[in-house]
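For reference, my_file38.cif is printed below; it contains mmCIF, C-alpha atoms and all ligand atoms.
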```cif
data_upload
loop_
_atom_site.label_atom_id
_atom_site.label_comp_id
_atom_site.auth_asym_id
_atom_site.auth_seq_id
_atom_site.Cartn_x
_atom_site.Cartn_y
_atom_site.Cartn_z
CA PHE A 494 -32.32 -114.61 -25.02
CA SER A 495 -35.24 -116.03 -27.02
CA ARG A 496 -35.10 -112.92 -29.25
CA LEU A 497 -31.41 -113.48 -29.89
CA GLU A 498 -32.11 -117.13 -30.69
CA ARG A 499 -34.72 -116.14 -33.26
CA GLN A 500 -32.65 -113.41 -34.86
CA ASP A 501 -29.14 -114.83 -34.69
CA PRO A 502 -29.08 -118.53 -33.82
CA GLU A 503 -25.35 -118.69 -34.56
CA VAL A 504 -24.41 -116.25 -31.82
CA ALA A 505 -27.12 -117.60 -29.50
CA GLN A 506 -25.61 -121.06 -29.86
CA LEU A 507 -22.17 -119.71 -28.93
CA LEU A 508 -23.57 -118.20 -25.74
CA LEU A 509 -25.14 -121.56 -24.87
CA ASP A 510 -21.89 -123.35 -25.72
CA GLU A 511 -19.98 -121.07 -23.37
CA VAL A 512 -22.40 -121.77 -20.50
CA ALA A 513 -22.00 -125.49 -21.22
CA ARG A 514 -18.20 -125.07 -21.18
CA LEU A 515 -18.34 -123.25 -17.84
CA ARG A 516 -20.61 -125.91 -16.38
CA GLY A 517 -18.74 -128.82 -17.89
CA GLY A 518 -15.43 -128.27 -16.13
CA LEU A 519 -13.56 -126.55 -13.33
CA GLN A 520 -12.73 -122.89 -13.94
CA LEU A 521 -9.53 -122.19 -12.04
CA ILE A 522 -8.19 -119.14 -13.88
CA ALA A 523 -7.17 -116.77 -11.09
CA GLY A 524 -8.39 -113.60 -12.79
CA GLU A 525 -11.87 -114.86 -13.62
CA ASN A 526 -15.12 -115.14 -11.71
CA PHE A 527 -18.83 -115.75 -12.31
CA THR A 528 -20.56 -112.42 -12.14
CA SER A 529 -24.15 -112.32 -10.91
CA PRO A 530 -27.28 -112.29 -13.13
CA ALA A 531 -28.00 -108.79 -11.73
CA VAL A 532 -24.62 -107.52 -12.97
CA MET A 533 -25.31 -109.11 -16.36
CA ALA A 534 -28.75 -107.50 -16.52
CA ALA A 535 -27.11 -104.08 -16.18
CA LEU A 536 -24.52 -105.02 -18.81
CA GLY A 537 -27.23 -106.05 -21.25
CA SER A 538 -29.22 -102.83 -20.79
CA THR A 539 -30.05 -99.76 -22.87
CA LEU A 540 -27.32 -97.86 -21.04
CA THR A 541 -24.99 -99.27 -23.67
CA ASN A 542 -26.50 -96.74 -26.09
CA LYS A 543 -25.67 -93.59 -24.18
CA TYR A 544 -22.84 -91.20 -24.93
CA ALA A 545 -21.75 -89.48 -21.75
CA GLU A 546 -18.30 -87.93 -22.24
CA GLY A 547 -17.41 -86.04 -19.09
CA TYR A 548 -18.47 -86.65 -15.51
CA PRO A 549 -21.84 -86.52 -13.71
CA GLY A 550 -23.20 -82.96 -13.93
CA HIS A 551 -20.54 -81.98 -16.48
CA ARG A 552 -21.24 -83.88 -19.69
CA TYR A 553 -20.61 -83.02 -23.31
CA TYR A 554 -23.91 -84.65 -24.35
CA GLY A 555 -27.56 -84.10 -23.54
CA GLY A 556 -29.82 -86.73 -22.03
CA CYS A 557 -27.38 -87.78 -19.32
CA GLU A 558 -29.66 -87.26 -16.33
CA VAL A 559 -30.21 -91.00 -15.81
CA VAL A 560 -26.67 -92.21 -16.47
CA ASP A 561 -25.41 -89.41 -14.19
CA GLN A 562 -27.30 -91.09 -11.38
CA ALA A 563 -25.87 -94.49 -12.29
CA GLU A 564 -22.32 -93.14 -12.25
CA ARG A 565 -22.88 -91.26 -8.98
CA LEU A 566 -24.19 -94.48 -7.42
CA ALA A 567 -21.11 -96.37 -8.61
CA ILE A 568 -18.76 -93.67 -7.29
CA ASP A 569 -20.50 -93.36 -3.92
CA ARG A 570 -20.61 -97.13 -3.43
CA ALA A 571 -16.94 -97.53 -4.39
CA LYS A 572 -15.93 -94.77 -1.96
CA LYS A 573 -17.97 -96.35 0.82
CA LEU A 574 -16.78 -99.88 0.11
CA PHE A 575 -13.09 -98.96 0.09
CA ARG A 576 -13.23 -95.93 2.42
CA ALA A 577 -11.57 -93.91 -0.33
CA ASP A 578 -11.59 -90.12 -0.82
CA HIS A 579 -12.23 -90.39 -4.53
CA ALA A 580 -13.24 -92.98 -7.12
CA ASN A 581 -13.20 -92.93 -10.90
CA VAL A 582 -15.33 -95.75 -12.32
CA GLN A 583 -14.85 -95.05 -16.02
CA PRO A 584 -11.68 -96.97 -17.00
CA HIS A 585 -12.65 -99.58 -19.57
CA THR A 586 -10.16 -102.15 -18.24
CA GLY A 587 -7.42 -102.66 -15.68
CA ALA A 588 -4.84 -101.70 -18.29
CA SER A 589 -6.70 -98.46 -19.03
CA ALA A 590 -6.82 -97.68 -15.31
CA ASN A 591 -3.06 -98.14 -15.11
CA PHE A 592 -2.51 -96.04 -18.24
CA ALA A 593 -4.49 -93.22 -16.65
CA ALA A 594 -2.58 -93.54 -13.36
CA TYR A 595 0.74 -93.22 -15.20
CA ALA A 596 -0.63 -90.25 -17.14
CA ALA A 597 -1.79 -88.51 -13.97
CA LEU A 598 1.48 -88.86 -12.08
CA LEU A 599 4.30 -89.06 -14.65
CA ARG A 600 5.78 -87.68 -17.83
CA PRO A 601 7.31 -89.96 -20.49
CA GLY A 602 10.89 -90.77 -19.58
CA ASP A 603 10.26 -90.73 -15.81
CA THR A 604 11.62 -93.59 -13.72
CA VAL A 605 9.23 -96.19 -12.27
CA LEU A 606 10.08 -99.00 -9.86
CA ALA A 607 7.82 -102.03 -10.36
CA MET A 608 7.74 -105.78 -9.89
CA ALA A 609 9.25 -107.77 -12.76
CA LEU A 610 6.69 -109.50 -14.97
CA SER A 611 8.68 -112.72 -14.62
CA HIS A 612 8.29 -112.54 -10.81
CA GLY A 613 4.55 -111.81 -10.76
CA GLY A 614 4.14 -108.22 -12.02
CA HIS A 615 1.84 -107.27 -14.89
CA LEU A 616 2.43 -106.29 -18.50
CA THR A 617 1.52 -102.70 -17.60
CA HIS A 618 4.23 -102.58 -14.94
CA GLY A 619 7.07 -102.01 -17.39
CA SER A 620 7.13 -104.73 -20.02
CA LYS A 621 9.05 -103.60 -23.10
CA VAL A 622 6.16 -104.61 -25.36
CA ASN A 623 3.75 -102.35 -23.44
CA PHE A 624 3.44 -98.52 -23.23
CA SER A 625 4.80 -98.74 -19.68
CA GLY A 626 8.15 -100.17 -20.71
CA ARG A 627 8.33 -98.20 -23.96
CA TRP A 628 7.64 -94.72 -22.56
CA PHE A 629 9.04 -95.01 -19.03
CA ASP A 630 12.36 -95.96 -17.57
CA VAL A 631 11.35 -98.99 -15.54
CA VAL A 632 13.52 -100.54 -12.85
CA ALA A 633 12.34 -103.97 -11.71
CA TYR A 634 12.34 -105.58 -8.28
CA GLY A 635 11.58 -109.23 -7.67
CA VAL A 636 11.22 -111.93 -5.08
CA ARG A 637 14.03 -113.58 -3.15
CA ARG A 638 15.35 -116.83 -4.53
CA ASP A 639 15.25 -118.59 -1.13
CA ASN A 640 11.70 -117.85 0.06
CA GLU A 641 10.07 -116.43 -3.12
CA LEU A 642 8.77 -113.42 -1.16
CA ILE A 643 9.15 -109.76 -2.14
CA ASP A 644 12.56 -108.56 -1.10
CA TYR A 645 11.74 -105.27 0.67
CA ASP A 646 15.44 -104.55 1.24
CA GLU A 647 16.00 -104.79 -2.50
CA VAL A 648 12.99 -102.53 -3.17
CA ARG A 649 14.41 -99.90 -0.78
CA ASP A 650 17.95 -100.15 -2.19
CA LEU A 651 16.66 -99.79 -5.76
CA ALA A 652 14.44 -96.86 -4.78
CA LEU A 653 17.35 -95.08 -3.08
CA MET A 654 19.62 -95.75 -6.05
CA HIS A 655 17.21 -94.83 -8.89
CA ARG A 656 14.90 -92.30 -7.18
CA PRO A 657 11.76 -93.38 -9.11
CA LYS A 658 8.94 -90.92 -9.54
CA MET A 659 6.49 -93.76 -8.87
CA ILE A 660 6.67 -97.15 -7.16
CA ILE A 661 4.14 -99.84 -8.14
CA CYS A 662 3.16 -102.83 -6.07
CA GLY A 663 0.38 -105.32 -6.65
CA ALA A 664 0.78 -108.29 -8.93
CA ALA A 665 -0.83 -110.88 -11.15
CA THR A 666 0.80 -114.00 -9.71
CA TYR A 667 1.99 -113.16 -6.21
CA SER A 668 0.07 -115.29 -3.73
CA ARG A 669 1.24 -113.64 -0.53
CA LEU A 670 0.17 -110.52 1.36
CA ILE A 671 1.97 -107.37 0.26
CA ASP A 672 3.31 -105.12 3.02
CA TYR A 673 1.76 -101.83 1.86
CA ALA A 674 3.08 -100.00 4.93
CA ALA A 675 6.63 -101.00 3.95
CA PHE A 676 6.07 -99.74 0.39
CA ARG A 677 4.60 -96.49 1.78
CA GLY A 678 7.68 -96.03 3.96
CA ILE A 679 10.00 -96.55 0.98
CA ALA A 680 7.93 -94.20 -1.21
CA ASP A 681 8.02 -91.51 1.49
CA GLU A 682 11.75 -91.94 2.08
CA THR A 683 12.52 -91.56 -1.62
CA GLY A 684 9.86 -89.02 -2.63
CA ALA A 685 7.92 -91.37 -4.93
CA TRP A 686 4.22 -91.76 -5.59
CA LEU A 687 2.86 -95.16 -4.51
CA LEU A 688 0.54 -96.89 -7.00
CA VAL A 689 -1.06 -100.11 -5.81
CA ASP A 690 -2.43 -102.22 -8.66
CA ALA A 691 -4.98 -104.28 -6.75
CA ALA A 692 -6.54 -105.87 -9.86
CA HIS A 693 -6.39 -109.33 -8.33
CA THR A 694 -7.02 -108.80 -4.65
CA ILE A 695 -9.52 -105.91 -4.67
CA GLY A 696 -12.47 -108.23 -3.95
CA LEU A 697 -10.58 -109.69 -1.00
CA MET A 698 -9.93 -106.14 0.24
CA ALA A 699 -13.63 -105.31 -0.23
CA GLY A 700 -14.57 -108.34 1.85
CA GLU A 701 -11.81 -107.60 4.39
CA ALA A 702 -10.20 -110.98 3.83
CA VAL A 703 -6.86 -109.25 3.21
CA PRO A 704 -5.69 -105.82 4.43
CA SER A 705 -6.72 -102.83 2.33
CA ALA A 706 -4.12 -100.90 0.32
CA VAL A 707 -6.23 -97.72 0.33
CA PRO A 708 -4.82 -96.16 3.53
CA TYR A 709 -1.27 -96.46 2.16
CA ALA A 710 -1.47 -95.76 -1.57
CA ASP A 711 -1.68 -92.46 -3.41
CA VAL A 712 -3.56 -94.29 -6.14
CA VAL A 713 -5.17 -97.75 -6.24
CA THR A 714 -6.09 -99.16 -9.64
CA PHE A 715 -8.15 -102.31 -10.00
CA THR A 716 -10.22 -104.53 -12.24
CA THR A 717 -13.85 -105.11 -11.39
CA HIS A 718 -14.10 -108.62 -12.83
CA LYS A 719 -11.70 -110.77 -10.83
CA THR A 720 -12.22 -111.37 -7.10
CA LEU A 721 -14.66 -108.44 -6.97
CA ARG A 722 -17.02 -110.45 -9.22
CA GLY A 723 -18.31 -107.50 -11.22
CA PRO A 724 -18.37 -106.70 -14.94
CA ARG A 725 -15.19 -106.74 -17.02
CA GLY A 726 -13.73 -103.30 -16.37
CA GLY A 727 -11.40 -101.08 -14.40
CA ALA A 728 -11.60 -98.38 -11.72
CA ILE A 729 -9.32 -96.06 -9.76
CA LEU A 730 -9.33 -94.90 -6.14
CA CYS A 731 -7.16 -92.01 -4.99
CA THR A 732 -6.60 -89.33 -2.40
CA ALA A 733 -8.59 -86.09 -2.53
CA GLU A 734 -5.37 -84.32 -3.55
CA LEU A 735 -5.09 -86.38 -6.75
CA ALA A 736 -8.80 -86.53 -7.66
CA ALA A 737 -8.77 -83.89 -10.40
CA ARG A 738 -5.54 -85.22 -11.93
CA ILE A 739 -6.88 -88.78 -12.06
CA ASP A 740 -10.20 -87.68 -13.55
CA ARG A 741 -8.48 -85.64 -16.28
CA ALA A 742 -6.12 -88.53 -17.02
CA VAL A 743 -9.10 -90.84 -17.64
CA PHE A 744 -11.21 -88.29 -19.56
CA PRO A 745 -10.22 -86.51 -21.78
CA PHE A 746 -6.60 -87.72 -21.77
CA SER A 747 -6.95 -91.46 -22.37
CA GLN A 748 -10.65 -92.22 -22.96
CA SER A 749 -13.63 -90.52 -24.50
CA GLY A 750 -17.13 -91.95 -23.98
CA PRO A 751 -17.48 -94.12 -20.88
CA LEU A 752 -19.31 -97.47 -21.16
CA MET A 753 -22.35 -96.51 -19.12
CA HIS A 754 -23.84 -100.02 -19.09
CA SER A 755 -20.58 -101.18 -17.55
CA VAL A 756 -20.56 -98.28 -15.09
CA ALA A 757 -24.07 -99.28 -13.98
CA ALA A 758 -22.92 -102.91 -13.68
CA LYS A 759 -19.98 -101.74 -11.54
CA ALA A 760 -22.53 -99.99 -9.28
CA VAL A 761 -24.41 -103.30 -8.94
CA ALA A 762 -21.19 -105.17 -8.13
CA PHE A 763 -20.11 -102.59 -5.52
CA GLY A 764 -23.60 -102.89 -4.02
CA GLU A 765 -23.21 -106.66 -3.81
CA ALA A 766 -19.76 -106.30 -2.26
CA LEU A 767 -21.19 -103.99 0.43
CA ARG A 768 -23.45 -106.81 1.65
CA PRO A 769 -22.40 -109.04 4.57
CA GLU A 770 -22.55 -112.13 2.30
CA PHE A 771 -19.62 -110.78 0.33
CA ARG A 772 -17.41 -110.82 3.44
CA THR A 773 -18.29 -114.48 3.85
CA TYR A 774 -17.48 -115.06 0.17
CA ALA A 775 -14.09 -113.29 0.31
CA ALA A 776 -13.10 -115.21 3.46
CA ALA A 777 -14.12 -118.47 1.78
CA VAL A 778 -12.07 -117.69 -1.34
CA VAL A 779 -8.94 -117.30 0.81
CA GLU A 780 -9.73 -120.30 2.99
CA ASN A 781 -10.27 -122.39 -0.15
CA ALA A 782 -6.98 -121.30 -1.71
CA ALA A 783 -5.16 -122.23 1.51
CA ALA A 784 -6.90 -125.63 1.59
CA PHE A 785 -5.98 -126.21 -2.06
CA ALA A 786 -2.33 -125.22 -1.49
CA GLU A 787 -2.02 -127.51 1.51
CA ALA A 788 -3.63 -130.46 -0.25
CA VAL A 789 -1.67 -130.02 -3.47
CA ALA A 790 1.60 -129.89 -1.52
CA THR A 791 0.66 -133.11 0.28
CA GLU A 792 -0.05 -134.69 -3.11
CA GLY A 793 3.41 -133.72 -4.34
CA LEU A 794 3.26 -130.43 -6.30
CA ARG A 795 5.15 -127.48 -4.81
CA PRO A 796 3.29 -124.19 -4.22
CA VAL A 797 5.65 -121.28 -4.89
CA SER A 798 6.51 -119.50 -1.60
CA GLY A 799 5.11 -122.53 0.23
CA GLY A 800 1.46 -121.51 0.05
CA THR A 801 -0.91 -118.57 -0.22
CA ASP A 802 -2.63 -115.78 1.71
CA THR A 803 -4.94 -114.83 -1.15
CA HIS A 804 -7.13 -116.37 -3.85
CA LEU A 805 -4.32 -117.81 -5.94
CA VAL A 806 -1.73 -120.52 -5.81
CA LEU A 807 1.25 -120.68 -8.14
CA LEU A 808 2.51 -124.23 -8.60
CA ASP A 809 5.98 -125.31 -9.64
CA VAL A 810 5.36 -128.36 -11.85
CA ARG A 811 8.99 -129.30 -12.48
CA GLY A 812 8.74 -132.04 -9.86
CA ALA A 813 6.26 -133.83 -12.13
CA GLY A 814 8.75 -133.72 -15.00
CA VAL A 815 6.52 -131.48 -17.13
CA THR A 816 6.54 -127.85 -18.26
CA GLY A 817 3.82 -125.34 -17.45
CA ALA A 818 2.54 -125.60 -21.03
CA GLU A 819 2.29 -129.39 -20.79
CA ALA A 820 0.59 -129.20 -17.39
CA GLU A 821 -1.93 -126.67 -18.73
CA GLY A 822 -2.66 -128.94 -21.72
CA ARG A 823 -3.13 -132.02 -19.55
CA CYS A 824 -5.51 -130.17 -17.25
CA GLU A 825 -7.48 -128.84 -20.22
CA GLU A 826 -7.95 -132.43 -21.45
CA ALA A 827 -9.31 -133.28 -18.02
CA ALA A 828 -11.85 -130.39 -18.13
CA ILE A 829 -9.79 -128.28 -15.72
CA THR A 830 -9.18 -124.79 -17.08
CA LEU A 831 -6.17 -122.94 -15.69
CA ASN A 832 -3.12 -121.22 -17.14
CA ARG A 833 0.58 -121.89 -17.45
CA ASN A 834 2.59 -119.28 -15.61
CA ALA A 835 6.23 -118.36 -15.10
CA ILE A 836 7.54 -119.10 -11.64
CA PRO A 837 10.26 -116.88 -10.14
CA TYR A 838 13.69 -117.55 -11.72
CA ASP A 839 11.97 -119.76 -14.30
CA PRO A 840 14.46 -121.54 -16.57
CA GLU A 841 11.81 -121.91 -19.30
CA PRO A 842 10.73 -119.12 -21.68
CA PRO A 843 7.42 -117.29 -20.97
CA THR A 844 5.54 -119.29 -23.63
CA ILE A 845 6.48 -122.58 -21.96
CA THR A 846 7.10 -121.81 -18.24
CA SER A 847 7.56 -124.16 -15.29
CA GLY A 848 4.36 -123.33 -13.48
CA ILE A 849 0.58 -123.26 -13.46
CA ARG A 850 -1.60 -120.73 -11.66
CA VAL A 851 -4.78 -121.68 -9.85
CA GLY A 852 -7.44 -119.35 -8.44
CA THR A 853 -10.40 -120.15 -6.21
CA ALA A 854 -12.75 -117.24 -7.02
CA CYS A 855 -14.99 -119.18 -9.46
CA VAL A 856 -15.26 -122.44 -7.55
CA THR A 857 -16.05 -120.50 -4.37
CA THR A 858 -18.83 -118.65 -6.21
CA GLN A 859 -20.14 -122.14 -7.07
CA GLY A 860 -20.36 -122.82 -3.33
CA MET A 861 -17.44 -125.22 -3.02
CA GLY A 862 -15.52 -125.41 0.26
CA PRO A 863 -12.31 -126.88 1.70
CA GLY A 864 -13.50 -130.48 1.16
CA GLU A 865 -13.99 -129.86 -2.55
CA MET A 866 -10.61 -128.06 -2.67
CA LYS A 867 -8.91 -131.27 -1.51
CA GLU A 868 -10.65 -133.15 -4.28
CA ILE A 869 -9.69 -130.48 -6.85
CA ALA A 870 -6.06 -130.55 -5.67
CA SER A 871 -5.98 -134.31 -6.08
CA ALA A 872 -7.61 -134.05 -9.55
CA VAL A 873 -5.09 -131.40 -10.67
CA VAL A 874 -2.15 -133.48 -9.45
CA GLN A 875 -3.53 -136.59 -11.18
CA ALA A 876 -4.10 -134.69 -14.43
CA VAL A 877 -0.61 -133.17 -14.38
CA CYS A 878 1.36 -136.22 -13.22
CA ASN A 879 -0.58 -139.10 -14.67
CA PRO A 880 -1.92 -138.62 -18.24
CA GLY A 881 -3.21 -142.23 -18.17
CA ALA A 882 -5.73 -141.20 -15.51
CA ILE A 883 -7.48 -138.53 -17.59
CA THR A 884 -10.79 -140.41 -17.87
CA SER A 885 -11.08 -140.93 -14.14
CA VAL A 886 -10.09 -137.27 -13.51
CA ILE A 887 -12.85 -136.12 -15.87
CA GLU A 888 -15.33 -138.22 -13.90
CA ARG A 889 -14.20 -136.60 -10.65
CA VAL A 890 -14.48 -133.13 -12.21
CA ARG A 891 -17.99 -133.92 -13.46
CA ALA A 892 -19.02 -135.08 -9.99
CA LEU A 893 -17.85 -131.75 -8.53
CA THR A 894 -19.56 -129.60 -11.15
CA ALA A 895 -22.77 -131.65 -10.96
CA THR A 896 -23.18 -130.91 -7.26
CA HIS A 897 -21.96 -127.29 -7.57
CA PRO A 898 -23.04 -126.03 -11.01
CA ALA A 899 -22.10 -122.64 -12.39
CA TYR A 900 -25.15 -120.38 -12.77
CA PRO A 901 -27.64 -122.79 -11.16
CA GLY A 902 -31.21 -122.12 -12.17
CA GLU A 903 -30.27 -119.81 -15.05
N1 LIG A 1001 -3.08 -105.41 -13.39
C1 LIG A 1001 -2.97 -106.66 -12.96
C2 LIG A 1001 -2.14 -106.93 -11.75
C3 LIG A 1001 -3.61 -107.71 -13.64
O1 LIG A 1001 -3.48 -108.97 -13.21
C4 LIG A 1001 -4.39 -107.40 -14.78
C5 LIG A 1001 -5.10 -108.46 -15.55
O2 LIG A 1001 -4.85 -109.60 -15.54
C6 LIG A 1001 -4.46 -106.07 -15.20
C7 LIG A 1001 -3.80 -105.10 -14.49
C8 LIG A 1001 -5.15 -105.69 -16.48
O3 LIG A 1001 -6.49 -105.86 -16.50
P1 LIG A 1001 -7.29 -105.89 -17.90
O4 LIG A 1001 -7.07 -107.22 -18.49
O5 LIG A 1001 -8.69 -105.59 -17.49
O6 LIG A 1001 -6.71 -104.78 -18.75
#
```
Show me, as structure tokens, the structure contained in the file I just sent.
Ligand code: PLP
Amino acid sequence: FSRLERQDPEVAQLLLDEVARLRGGLQLIAGENFTSPAVMAALGSTLTNKYAEGYPGHRYYGGCEVVDQAERLAIDRAKKLFRADHANVQPHTGASANFAAYAALLRPGDTVLAMALSHGGHLTHGSKVNFSGRWFDVVAYGVRRDNELIDYDEVRDLALMHRPKMIICGAATYSRLIDYAAFRGIADETGAWLLVDAAHTIGLMAGEAVPSAVPYADVVTFTTHKTLRGPRGGAILCTAELAARIDRAVFPFSQSGPLMHSVAAKAVAFGEALRPEFRTYAAAVVENAAAFAEAVATEGLRPVSGGTDTHLVLLDVRGAGVTGAEAEGRCEEAAITLNRNAIPYDPEPPTITSGIRVGTACVTTQGMGPGEMKEIASAVVQAVCNPGAITSVIERVRALTATHPAYPGE
């Protein structure tokens, strides 16, 4: 860092400012986490220089003997961690992993059954502004209006009616457990592939805090930077039968040179997730989200579906007489970073919304527990419902971050 400071003080200052921002407030964005210094050491390494198109042992460049070992380590650790037949660790992001999964299993124009974006699905699950909605015929399922849970009867009816080539489950804002066995049954009954996009919950699966999707899915795609706490990136797990198709769909179909520094950092993160401490972490993330949901409900904001089984809580803020955008802005003023989010059957447009989404991955990495979650819930409710209390909320936030700093000792 001192070299960067000497050479480029402008960028160095931005890196310091970002650490100060992280330390100065509560980071509650559900898809973020604080990756370890060891992961960042791999990311900031000379492996960033290496071209390595291809796969270990079959590269289109010389000098790959070291990065081959890094990629093999990442693959072997991912397979062990998730008890998967095959792993591809090259996708640059979660979206690239999904692109490759579509490419491996489908042809343009094929029918896909996926969760509606407005009910918790992801852009890559069929939004019209994304390749998935542009090149595929996407039928959407959602959650029930009464309990805000996935309607498995609707999923089955739609699958029988439309005969999709692929069914996707896994979401960006669904806080409850997904019944992978039910999805497997529907996929088998209708002759569809089952893709589980576990971007959000993969770290919880790694730490066995939620059931694994691997035994049920043909393909599991995921991001390595959310609950898994690794570098920003994507990865794919699949059955032995699909291994060659998935590998070809990543390289050469949709990517060329892999980011070998990121692949090495994924190996580090998988190694961390294989340790017993990670089980404790994953369990704490879920316990914290449950404590937050319970406390926030007591304080008067409604968690969608009544609560959570995972790391995230989606809150309906209409009871406070504000929109999601207003709630997000008020929290930001109070040094609480989170995002506005559509709730199921949201009357507001996606840029405004009626909800906010909260995740506990970062604050759990900071060592906070259920007691702190109660305090955070109360601070969030105060910030959202009572703009006059901003100064006192900031003080409460500062007290929490002072006792549980991000990146202590760094
Ligand atoms: N899938 C789901 C369910 C996600 O929530 C996300 C990211 O938020 C992605 C895929 C895409 O990941 P990335 O931003 O790395 O492309």
For this session: Dump as a list in words all residues having an atom at most 9 Å from (-9.1, -121.4, -9.5), computed in the file's coordinates with all atoms listed in the file.
Result: Leu519, Gln520, Leu521, Ile522, Ala523, Gly524, Glu525, Asn526, Ala782, His804, Leu805, Val806, Thr830, Leu831, Arg850, Val851, Gly852, Thr853, Ala854, Cys855, Val856 and Thr857 of chain A
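Nearest to A:Ala788 of all the residues A:Leu642, A:Ala899, A:Ile660, A:Ala872 is A:Ala872, based on only C-alpha atoms.
The closest residue to ligand LIG 1001 (chain A), picked from A:Leu599, A:Ala664, A:Leu610, A:Leu536 and counting only C-alpha atoms and all ligand atoms, is A:Ala664.
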For this session: Within 9 Å of ligand LIG 1001 (chain A), which residues show up when you count all atoms listed in the file? List them as an NGL selection string, please.
Result: :A and (523-525 or 585-591 or 613-618 or 662-666 or 690-694 or 714-719 or 725-727)
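Note that the spacing between atom CA of A:Gly550 and atom CA of A:Ala593 amounts to 21.5 Å.
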